[in-house]
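Down below is the structure, laid out as structure tokens.
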Amino acid sequence: MNPTLTRLLGAAAAVAAGTTVLLGTGAGTAGAAEDAHCDRAERPVWSQGPSRNVTGHGCSVPSRGGRWYTVEFDTLVQPHHRTDYVDSAVDRTDTLHDTTLRCMGYTTGGGTVNWFGCLPH
């Protein structure tokens, strides 16, 4: 087989395997989700659907890192924006209770936890 073709196939296989682990479908505990909890949070909803980012307040986060986090929210407020701009007017606001989302990671600062890569509910 052509060496260039062999390298390309090997690279494609490596990317596919890496994607499987990143998406949390790998074998064993490599893809296991860590549990977290937030008292309340906000998640804007745009014309194309809910944001992948959630700002949480009163959160407890796992002590060790994981690939995915299962986050339980007591109250999740979702303002529905008229346009895709941050300062756009809000048509309505939905409030969800006892909602669980899966998120890829988080950052903390200023008393909030910013969850990112959250899958649609």
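Following the order of the structure tokens, first chain is A, next is B, and so on, with residues numbered from 1 inside each chain and ligands from 1 in the order they appear.
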(request) For range 94-109 of chain A, work out the shell of residues within 12 Å, counting only C-alpha atoms and skipping chain neighbours fewer than 4 positions away, then give it as a ChimeraX atom specification. (result) /A:22-24,31-45,50-62,64-81,90,113-121
